[in-house]
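One file, upload-v6.cif, carrying mmCIF, C-alpha atoms:
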```cif
data_final
#
loop_
_atom_site.label_atom_id
_atom_site.label_comp_id
_atom_site.auth_asym_id
_atom_site.auth_seq_id
_atom_site.Cartn_x
_atom_site.Cartn_y
_atom_site.Cartn_z
CA MET A 108 20.74 -31.66 -5.70
CA ILE A 109 21.54 -28.05 -6.65
CA VAL A 110 18.87 -25.35 -6.80
CA ASP A 111 19.08 -22.00 -8.60
CA CYS A 112 16.98 -19.76 -6.35
CA HIS A 113 16.38 -16.78 -8.67
CA ASN A 114 14.91 -17.04 -12.21
CA HIS A 115 12.30 -15.17 -14.24
CA LEU A 116 9.83 -16.69 -16.72
CA GLY A 117 7.62 -14.98 -19.28
CA VAL A 118 7.94 -11.72 -21.18
CA ASP A 119 8.61 -8.16 -20.04
CA LEU A 120 6.84 -5.83 -22.44
CA PHE A 121 8.39 -2.69 -20.94
CA PHE A 122 11.87 -4.01 -21.72
CA TYR A 123 10.82 -5.30 -25.14
CA LEU A 124 9.03 -2.13 -26.23
CA ASN A 125 11.93 0.08 -25.19
CA GLY A 126 14.74 -1.97 -26.69
CA TYR A 127 16.15 -3.23 -23.39
CA TYR A 128 17.64 -6.69 -22.85
CA PRO A 129 16.66 -9.24 -21.61
CA TYR A 130 12.94 -9.33 -22.22
CA ALA A 131 11.84 -13.00 -22.20
CA GLN A 132 12.53 -16.56 -21.05
CA ASP A 133 10.44 -19.73 -21.21
CA LEU A 134 10.56 -22.80 -18.97
CA PRO A 135 12.07 -25.28 -21.49
CA ALA A 136 14.88 -22.85 -22.32
CA LEU A 137 15.70 -22.32 -18.63
CA VAL A 138 15.76 -26.03 -17.81
CA THR A 139 17.78 -26.93 -20.90
CA GLU A 140 20.42 -24.30 -20.17
CA GLY A 141 20.56 -25.00 -16.46
CA ARG A 142 20.93 -28.75 -16.89
CA ARG A 143 23.94 -28.17 -19.15
CA HIS A 144 25.68 -26.57 -16.20
CA GLY A 145 24.89 -29.01 -13.43
CA ILE A 146 21.76 -27.43 -11.96
CA ASP A 147 18.84 -29.66 -10.91
CA ARG A 148 16.00 -27.37 -9.75
CA TRP A 149 14.91 -23.77 -10.29
CA LEU A 150 12.97 -21.30 -8.17
CA VAL A 151 10.96 -19.24 -10.66
CA PHE A 152 8.66 -16.22 -10.85
CA PRO A 153 7.29 -13.96 -13.63
CA MET A 154 9.04 -11.10 -15.37
CA LEU A 155 8.55 -7.55 -14.11
CA ALA A 156 6.24 -5.16 -15.99
CA HIS A 157 2.58 -6.19 -15.69
CA LEU A 158 -0.45 -5.66 -17.90
CA TRP A 159 -2.14 -3.28 -15.44
CA PHE A 160 0.12 -0.69 -17.12
CA ASP A 161 -0.96 0.98 -20.33
CA LEU A 162 0.90 -0.44 -23.34
CA LYS A 163 1.04 2.83 -25.26
CA ALA A 164 2.61 4.55 -22.27
CA MET A 165 5.06 1.68 -21.85
CA ARG A 166 6.12 2.18 -25.46
CA SER A 167 7.29 5.65 -24.38
CA ALA A 168 9.03 4.30 -21.25
CA ARG A 169 6.22 5.45 -18.95
CA LEU A 170 4.33 3.36 -16.39
CA GLU A 171 0.72 4.52 -16.23
CA PRO A 172 -2.62 2.85 -15.44
CA GLY A 173 -4.97 1.81 -18.22
CA GLY A 174 -3.73 -1.60 -19.32
CA PHE A 175 -5.63 -4.78 -20.17
CA GLU A 176 -5.76 -6.10 -16.61
CA ALA A 177 -7.56 -4.69 -13.58
CA VAL A 178 -5.30 -6.45 -11.07
CA PRO A 179 -1.48 -6.23 -11.22
CA TYR A 180 0.22 -9.55 -12.01
CA ALA A 181 -3.07 -11.48 -12.13
CA PHE A 182 -2.38 -12.52 -15.73
CA GLU A 183 1.37 -12.98 -15.36
CA ASN A 184 1.16 -15.25 -12.31
CA GLU A 185 -1.54 -17.46 -13.79
CA ARG A 186 0.24 -17.62 -17.15
CA MET A 187 3.45 -18.82 -15.50
CA LEU A 188 1.70 -21.31 -13.23
CA ARG A 189 -0.19 -22.84 -16.18
CA GLU A 190 3.12 -23.20 -18.04
CA ILE A 191 4.52 -25.02 -15.01
CA TYR A 192 1.54 -27.19 -14.03
CA GLU A 193 -0.18 -27.79 -17.39
CA LEU A 194 1.82 -26.99 -20.52
CA PHE A 195 5.15 -28.46 -19.40
CA ALA A 196 4.24 -30.45 -16.30
CA ASP A 197 7.29 -32.74 -16.68
CA LEU A 198 9.62 -29.74 -16.54
CA GLY A 199 7.43 -27.86 -14.08
CA ARG A 200 8.10 -30.54 -11.48
CA LEU A 201 11.70 -29.32 -11.49
CA THR A 202 10.66 -25.84 -10.35
CA LEU A 203 9.58 -24.10 -7.16
CA PRO A 204 7.23 -21.34 -8.37
CA PHE A 205 6.80 -18.04 -6.53
CA ALA A 206 4.01 -15.57 -7.30
CA ILE A 207 5.08 -11.98 -7.93
CA LEU A 208 3.27 -8.95 -6.49
CA ASP A 209 3.12 -5.17 -6.75
CA PRO A 210 3.43 -3.86 -3.16
CA GLU A 211 1.58 -0.60 -3.79
CA ARG A 212 -1.13 -0.92 -6.46
CA GLU A 213 -4.48 -2.63 -5.78
CA PRO A 214 -3.18 -4.67 -2.81
CA ALA A 215 -6.53 -6.09 -1.63
CA ALA A 216 -7.47 -7.19 -5.14
CA GLN A 217 -4.07 -8.82 -5.60
CA VAL A 218 -4.43 -10.77 -2.36
CA ALA A 219 -7.85 -12.05 -3.42
CA VAL A 220 -6.42 -13.27 -6.74
CA LEU A 221 -3.39 -14.83 -5.04
CA ARG A 222 -5.63 -16.79 -2.68
CA GLY A 223 -7.52 -18.26 -5.62
CA LEU A 224 -4.35 -19.12 -7.50
CA TYR A 225 -2.82 -20.76 -4.42
CA ARG A 226 -5.78 -23.12 -4.16
CA GLN A 227 -5.52 -24.04 -7.84
CA PHE A 228 -1.75 -23.99 -8.44
CA PRO A 229 0.35 -24.20 -5.26
CA PHE A 230 3.28 -21.81 -5.09
CA TYR A 231 6.08 -21.69 -2.56
CA GLY A 232 6.61 -18.00 -1.88
CA LEU A 233 6.12 -14.38 -2.93
CA LYS A 234 8.45 -12.22 -5.03
CA ILE A 235 8.77 -8.41 -5.20
CA GLN A 236 10.77 -6.35 -7.68
CA ALA A 237 9.58 -2.86 -6.88
CA SER A 238 12.24 -0.82 -8.68
CA MET A 239 11.34 -1.63 -12.27
CA ILE A 240 7.63 -0.99 -11.64
CA ARG A 241 8.35 2.08 -9.49
CA ALA A 242 6.36 0.93 -6.50
CA ASN A 243 7.32 1.62 -2.90
CA ALA A 244 8.21 -1.68 -1.22
CA GLY A 245 7.92 0.12 2.11
CA ALA A 246 4.15 0.02 1.54
CA LEU A 247 4.36 -3.49 3.00
CA LEU A 248 4.23 -1.84 6.42
CA THR A 249 1.25 0.38 5.53
CA THR A 250 -1.25 -0.06 2.71
CA GLY A 251 0.35 -3.32 1.56
CA ARG A 252 0.42 -5.02 4.95
CA CYS A 253 -2.15 -7.49 3.65
CA PHE A 254 0.69 -9.14 1.70
CA LEU A 255 2.61 -9.75 4.93
CA ASP A 256 -0.56 -11.10 6.52
CA LEU A 257 -1.03 -13.47 3.59
CA ALA A 258 2.59 -14.62 3.79
CA ALA A 259 2.24 -15.32 7.50
CA GLU A 260 -1.09 -17.11 7.09
CA LEU A 261 0.13 -19.41 4.29
CA ASP A 262 3.68 -19.63 5.69
CA LEU A 263 5.15 -18.29 2.46
CA PRO A 264 8.59 -16.63 2.38
CA MET A 265 9.28 -13.45 0.42
CA LEU A 266 12.17 -12.85 -2.00
CA ILE A 267 12.72 -9.12 -2.56
CA HIS A 268 14.88 -7.10 -4.96
CA THR A 269 17.23 -4.65 -3.24
CA SER A 270 18.85 -1.33 -4.04
CA VAL A 271 21.40 1.07 -2.58
CA ALA A 272 21.23 3.63 -5.41
CA VAL A 273 20.17 7.14 -4.41
CA ASP A 274 17.90 7.36 -7.47
CA ASP A 275 16.07 4.14 -6.53
CA PRO A 276 14.00 4.72 -3.38
CA TRP A 277 11.53 1.93 -4.24
CA SER A 278 13.67 -1.01 -3.09
CA ASP A 279 15.97 0.61 -0.54
CA THR A 280 17.73 -2.18 1.34
CA GLY A 281 17.66 -0.39 4.68
CA MET A 282 13.90 0.01 4.37
CA LEU A 283 13.50 -3.68 3.49
CA LEU A 284 15.50 -4.68 6.55
CA LYS A 285 13.10 -2.63 8.65
CA VAL A 286 10.25 -4.65 7.12
CA ALA A 287 12.01 -7.91 8.01
CA GLU A 288 12.79 -6.69 11.54
CA ALA A 289 9.18 -5.64 12.06
CA THR A 290 7.78 -8.95 10.76
CA PRO A 291 9.53 -11.82 12.57
CA GLY A 292 6.79 -14.27 11.57
CA VAL A 293 7.68 -14.01 7.85
CA ARG A 294 10.92 -15.20 6.24
CA PHE A 295 12.73 -12.87 3.82
CA CYS A 296 15.48 -13.22 1.23
CA LEU A 297 17.09 -9.95 0.10
CA ALA A 298 18.41 -10.32 -3.43
CA HIS A 299 21.69 -9.36 -5.12
CA SER A 300 23.92 -9.74 -2.04
CA CYS A 301 22.39 -6.49 -0.72
CA ARG A 302 24.53 -4.81 -3.41
CA PHE A 303 27.63 -5.85 -1.42
CA ASP A 304 26.77 -3.46 1.42
CA ARG A 305 28.68 -4.88 4.40
CA GLU A 306 26.43 -3.36 7.08
CA TYR A 307 23.27 -4.66 5.41
CA LEU A 308 24.76 -8.14 4.97
CA GLU A 309 25.66 -8.21 8.66
CA ARG A 310 22.14 -7.14 9.59
CA VAL A 311 20.75 -9.99 7.47
CA ALA A 312 23.10 -12.38 9.25
CA ALA A 313 21.81 -11.19 12.65
CA LEU A 314 18.14 -11.79 11.78
CA PRO A 315 16.71 -15.31 12.28
CA ASN A 316 14.11 -14.69 9.55
CA ALA A 317 16.43 -13.30 6.82
CA TRP A 318 18.73 -14.65 4.10
CA PHE A 319 20.30 -13.14 0.97
CA ASP A 320 20.92 -14.41 -2.54
CA CYS A 321 23.78 -13.61 -4.91
CA SER A 322 21.69 -13.31 -8.07
CA ALA A 323 23.37 -11.64 -11.07
CA HIS A 324 26.62 -11.99 -9.15
CA ARG A 325 29.10 -11.42 -11.96
CA ILE A 326 27.63 -8.18 -13.28
CA HIS A 327 27.40 -6.88 -9.72
CA CYS A 328 31.11 -7.59 -9.35
CA LEU A 329 31.66 -5.70 -12.61
CA GLY A 330 29.61 -2.82 -11.20
CA ALA A 331 31.83 -2.77 -8.09
CA GLU A 332 34.99 -2.86 -10.21
CA LYS A 333 33.71 0.11 -12.24
CA GLU A 334 32.40 1.97 -9.16
CA MET A 335 28.86 2.09 -10.54
CA SER A 336 26.07 3.66 -8.51
CA PHE A 337 23.99 0.51 -8.05
CA ILE A 338 26.75 -1.00 -5.84
CA ALA A 339 27.52 0.03 -2.26
CA PRO A 340 30.24 2.70 -2.11
CA PRO A 341 33.75 1.60 -1.08
CA ALA A 342 33.38 2.73 2.54
CA ARG A 343 30.39 0.40 3.02
CA ARG A 344 31.40 -2.38 0.63
CA PHE A 345 32.04 -5.96 1.68
CA PRO A 346 35.83 -6.42 1.41
CA ALA A 347 36.80 -8.61 -1.56
CA ASP A 348 38.67 -8.51 -4.88
CA TYR A 349 35.84 -7.64 -7.23
CA ARG A 350 38.04 -8.26 -10.26
CA ASP A 351 37.58 -11.96 -9.42
CA PRO A 352 33.85 -12.87 -9.07
CA THR A 353 34.74 -16.43 -8.04
CA ALA A 354 36.82 -15.14 -5.14
CA VAL A 355 34.04 -12.74 -4.12
CA LEU A 356 31.48 -15.53 -3.97
CA ARG A 357 33.88 -17.66 -1.92
CA ALA A 358 34.39 -14.75 0.49
CA LEU A 359 30.62 -14.28 0.89
CA ALA A 360 30.14 -18.02 1.45
CA ASP A 361 32.88 -18.04 4.09
CA ALA A 362 31.57 -14.94 5.86
CA PHE A 363 27.88 -15.88 5.78
CA PRO A 364 27.73 -19.69 5.43
CA GLN A 365 24.17 -20.07 6.78
CA LYS A 366 22.70 -17.10 4.93
CA LEU A 367 23.92 -17.15 1.31
CA MET A 368 21.71 -18.71 -1.38
CA TRP A 369 22.96 -19.12 -4.93
CA GLY A 370 20.87 -17.81 -7.80
CA SER A 371 21.65 -16.84 -11.38
CA ASP A 372 18.89 -14.24 -11.91
CA SER A 373 18.37 -15.69 -15.37
CA PRO A 374 17.83 -14.16 -17.85
CA PHE A 375 18.88 -11.00 -15.96
CA GLN A 376 22.42 -12.24 -15.43
CA SER A 377 22.93 -9.71 -18.23
CA TYR A 378 21.50 -6.22 -18.66
CA VAL A 379 21.93 -4.22 -21.87
CA ALA A 380 20.08 -0.98 -22.61
CA LYS A 381 20.47 2.22 -24.59
CA THR A 382 19.33 5.41 -22.89
CA LYS A 383 20.13 8.95 -24.04
CA ASP A 384 22.41 7.56 -26.76
CA VAL A 385 24.51 5.72 -24.17
CA ILE A 386 24.60 1.92 -24.10
CA MET A 387 24.96 0.24 -20.73
CA SER A 388 26.25 -3.27 -21.29
CA LEU A 389 26.62 -5.57 -18.28
CA ARG A 390 26.93 -9.06 -19.69
CA SER A 391 27.35 -12.50 -18.22
CA THR A 392 26.09 -15.99 -19.07
CA TYR A 393 24.38 -18.79 -17.20
CA ALA A 394 27.56 -20.85 -17.73
CA GLU A 395 29.71 -18.19 -16.05
CA GLU A 396 27.31 -17.78 -13.12
CA ALA A 397 27.22 -21.55 -12.58
CA ALA A 398 31.02 -21.79 -12.84
CA CYS A 399 31.37 -19.33 -9.93
CA PHE A 400 29.06 -21.51 -7.87
CA HIS A 401 30.77 -24.79 -8.77
CA ALA A 402 34.12 -23.30 -7.71
CA LEU A 403 32.92 -23.21 -4.09
CA PRO A 404 34.17 -26.01 -1.83
CA GLU A 405 31.81 -28.95 -1.38
CA ARG A 406 30.32 -27.73 1.92
CA GLY A 407 29.82 -24.24 0.50
CA ARG A 408 28.01 -25.66 -2.52
CA ALA A 409 25.72 -27.72 -0.30
CA LEU A 410 24.80 -24.72 1.84
CA ALA A 411 24.41 -22.10 -0.89
CA GLY A 412 22.91 -24.46 -3.45
CA ARG A 413 20.43 -26.38 -1.28
CA ASP A 414 20.47 -26.32 2.53
CA ASN A 415 20.00 -22.60 3.12
CA LEU A 416 17.19 -22.53 0.57
CA LEU A 417 15.46 -25.44 2.30
CA ASN A 418 15.59 -23.50 5.57
CA PHE A 419 14.26 -20.38 3.85
CA LEU A 420 11.39 -22.38 2.34
CA LYS A 421 10.90 -24.60 5.42
CA LEU A 422 11.08 -27.64 3.14
CA ARG A 423 12.71 -31.00 3.67
CA ASP A 424 15.16 -32.36 1.12
CA ASP A 425 12.89 -35.30 0.29
CA THR A 426 10.07 -32.83 -0.47
CA LEU A 427 12.36 -31.01 -2.88
CA ARG A 428 13.34 -34.27 -4.56
CA ALA A 429 9.71 -35.37 -4.81
CA ARG A 430 8.98 -32.29 -6.94
CA GLY A 431 11.05 -34.02 -9.65
#
```

As structure tokens, what does this structure read like?
Amino acid sequence: MIVDCHNHLGVDLFFYLNGYYPYAQDLPALVTEGRRHGIDRWLVFPMLAHLWFDLKAMRSARLEPGGFEAVPYAFENERMLREIYELFADLGRLTLPFAILDPEREPAAQVAVLRGLYRQFPFYGLKIQASMIRANAGALLTTGRCFLDLAAELDLPMLIHTSVAVDDPWSDTGMLLKVAEATPGVRFCLAHSCRFDREYLERVAALPNAWFDCSAHRIHCLGAEKEMSFIAPPARRFPADYRDPTAVLRALADAFPQKLMWGSDSPFQSYVAKTKDVIMSLRSTYAEEAACFHALPERGRALAGRDNLLNFLKLRDDTLRARG
């Protein structure tokens, strides 16, 4: 039983309207592709931009209020959960859905909607990607504390996007670690291998309520090889040969055997966008992400592909199997 712990479903209108890739994925496509490459289950959550934002502004790459929805992610979460529980229930049983949230906008209204959804369509955790919606994830300790209270009350873990880039204050990994340290009653997974920041990975390893995933692993290795700003600088970087993503994943699995969870980040295992007449092209495939995982030794595959996730979710293996 192998689980991919990081996948998006739905459509991202901000990406679509501005010519960025990827911008969509549906449940049948995810399951079909994943099964081809030896994956059995998928942890899923919606795409990123929500309909609280004004569509005309999004068309000009701006995020402003005035959209169709009064509550961020109310539509996107319900739309995904209906796809999982109603439209494709046979495939939905192969998933572990998480609801996504905006940590800064309309927090009380979001919590009220999430409570109603949880009663109708059970979900297994909460997801935050604050960078793309330009929301301060640090609000979890202030105006957004109600999300932490909800997670503790329902015993739901949180999977959070991370950043080390100086121009991305919204998902700063050091700030997120402070959230985890201040909230021992909630379990956290920090995504993208903490951008290969050695100090942050070691701090995750020291926390009993924290894990990390390796989502979009291959393009992060490419970013390290090219010394791109979204990766930790060399002085702070986890030591590995980033020309060889398979070797990097093996090194992470050896260094942090109880903390690493494998995830593809589909469809964001690739990112392609044109800004100011410059095309950024970071491309990988689900097949290549899965091949890195399958190259781990048997024990490493069991830990990264199942056991650590079960601990993060506080699920038993038979519960996971019963979902199918």

For the point (26.6, -0.8, -12.1) in file coordinates, what residues are within 12 Å, counting all atoms listed in the file? Give the answer as a PyMOL selection string? chain A and resi 270-272+302-303+323-340+377-379+387-390

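Rounded to one decimal, CA of Phe228 (chain A) and CA of Thr269 (chain A) lie 27.6 Å from each other.
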
Residues within 9 Å of Ala397 (chain A), all atoms listed in the file, excluding chain neighbours under 6 positions, as a PyMOL selection string: chain A and resi 141+144-146+370-371

Given the PyMOL selection byres ((chain A and resi 375) around 9), the residues it picks as a PyMOL selection string: chain A and resi 114-115+128-130+322-323+371-374+376-378+391

Would you work out the distance separating CA of Arg430 (chain A) from CA of Leu198 (chain A), expressed in Å to one decimal?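 The value is 10.0 Å.
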
Could you state which residues are captured by the PyMOL selection byres ((chain A and resi 244) around 8) in this file, as a list of chain:residue names?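 Against this file, the PyMOL selection byres ((chain A and resi 244) around 8) returns the residues A:Pro210, A:Glu211, A:Ile235, A:Ala237, A:Ala242, A:Asn243, A:Gly245, A:Ala246, A:Leu247, A:Trp277, A:Ser278, A:Leu283.
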
For Thr290 (chain A), work out the shell of residues within 12 Å, counting all atoms listed in the file and skipping chain neighbours fewer than 6 positions away, then give it as a list in words. Leu247, Leu248, Arg252, Phe254, Leu255, Asp256, Ala258, Ala259, Pro264, Met265, Leu283, Leu284, Leu314, Pro315, Asn316 and Ala317 of chain A

Would you mind exporting the chosen residues as a JSON list (two decimals), in the coordinates of the input, restricted to C-alpha atoms?
```json
[["chain", "number", "residue", "atom", "x", "y", "z"],
["A", 247, "LEU", "CA", 4.36, -3.49, 3.00],
["A", 248, "LEU", "CA", 4.23, -1.84, 6.42],
["A", 252, "ARG", "CA", 0.42, -5.02, 4.95],
["A", 254, "PHE", "CA", 0.69, -9.14, 1.70],
["A", 255, "LEU", "CA", 2.61, -9.75, 4.93],
["A", 256, "ASP", "CA", -0.56, -11.10, 6.52],
["A", 258, "ALA", "CA", 2.59, -14.62, 3.79],
["A", 259, "ALA", "CA", 2.24, -15.32, 7.50],
["A", 264, "PRO", "CA", 8.59, -16.63, 2.38],
["A", 265, "MET", "CA", 9.28, -13.45, 0.42],
["A", 283, "LEU", "CA", 13.50, -3.68, 3.49],
["A", 284, "LEU", "CA", 15.50, -4.68, 6.55],
["A", 314, "LEU", "CA", 18.14, -11.79, 11.78],
["A", 315, "PRO", "CA", 16.71, -15.31, 12.28],
["A", 316, "ASN", "CA", 14.11, -14.69, 9.55],
["A", 317, "ALA", "CA", 16.43, -13.30, 6.82]]
```

Of the candidates A:Phe230, A:Pro214, A:Asp424, A:Gly281, which shows the shortest atom-to-atom distance to Leu263 (chain A), using all atoms listed in the file?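 Comparing A:Phe230, A:Pro214, A:Asp424, A:Gly281 against Leu263 (chain A), the winner is A:Phe230.
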
Output, as lines of an AutoDock Vina configuration file, the centre and edge lengths in Å (one decimal) of the axis-aligned box that contains all listed atoms of region 322-332 of chain A with 8 Å of margin on each side.
```
center_x = 28.3
center_y = -8.0
center_z = -10.7
size_x = 29.3
size_y = 26.5
size_z = 21.2
```

Tell me which of A:His299, A:Arg143, A:Arg200, A:Lys234 sits closest to Leu359 (chain A), counting only C-alpha atoms. A:His299
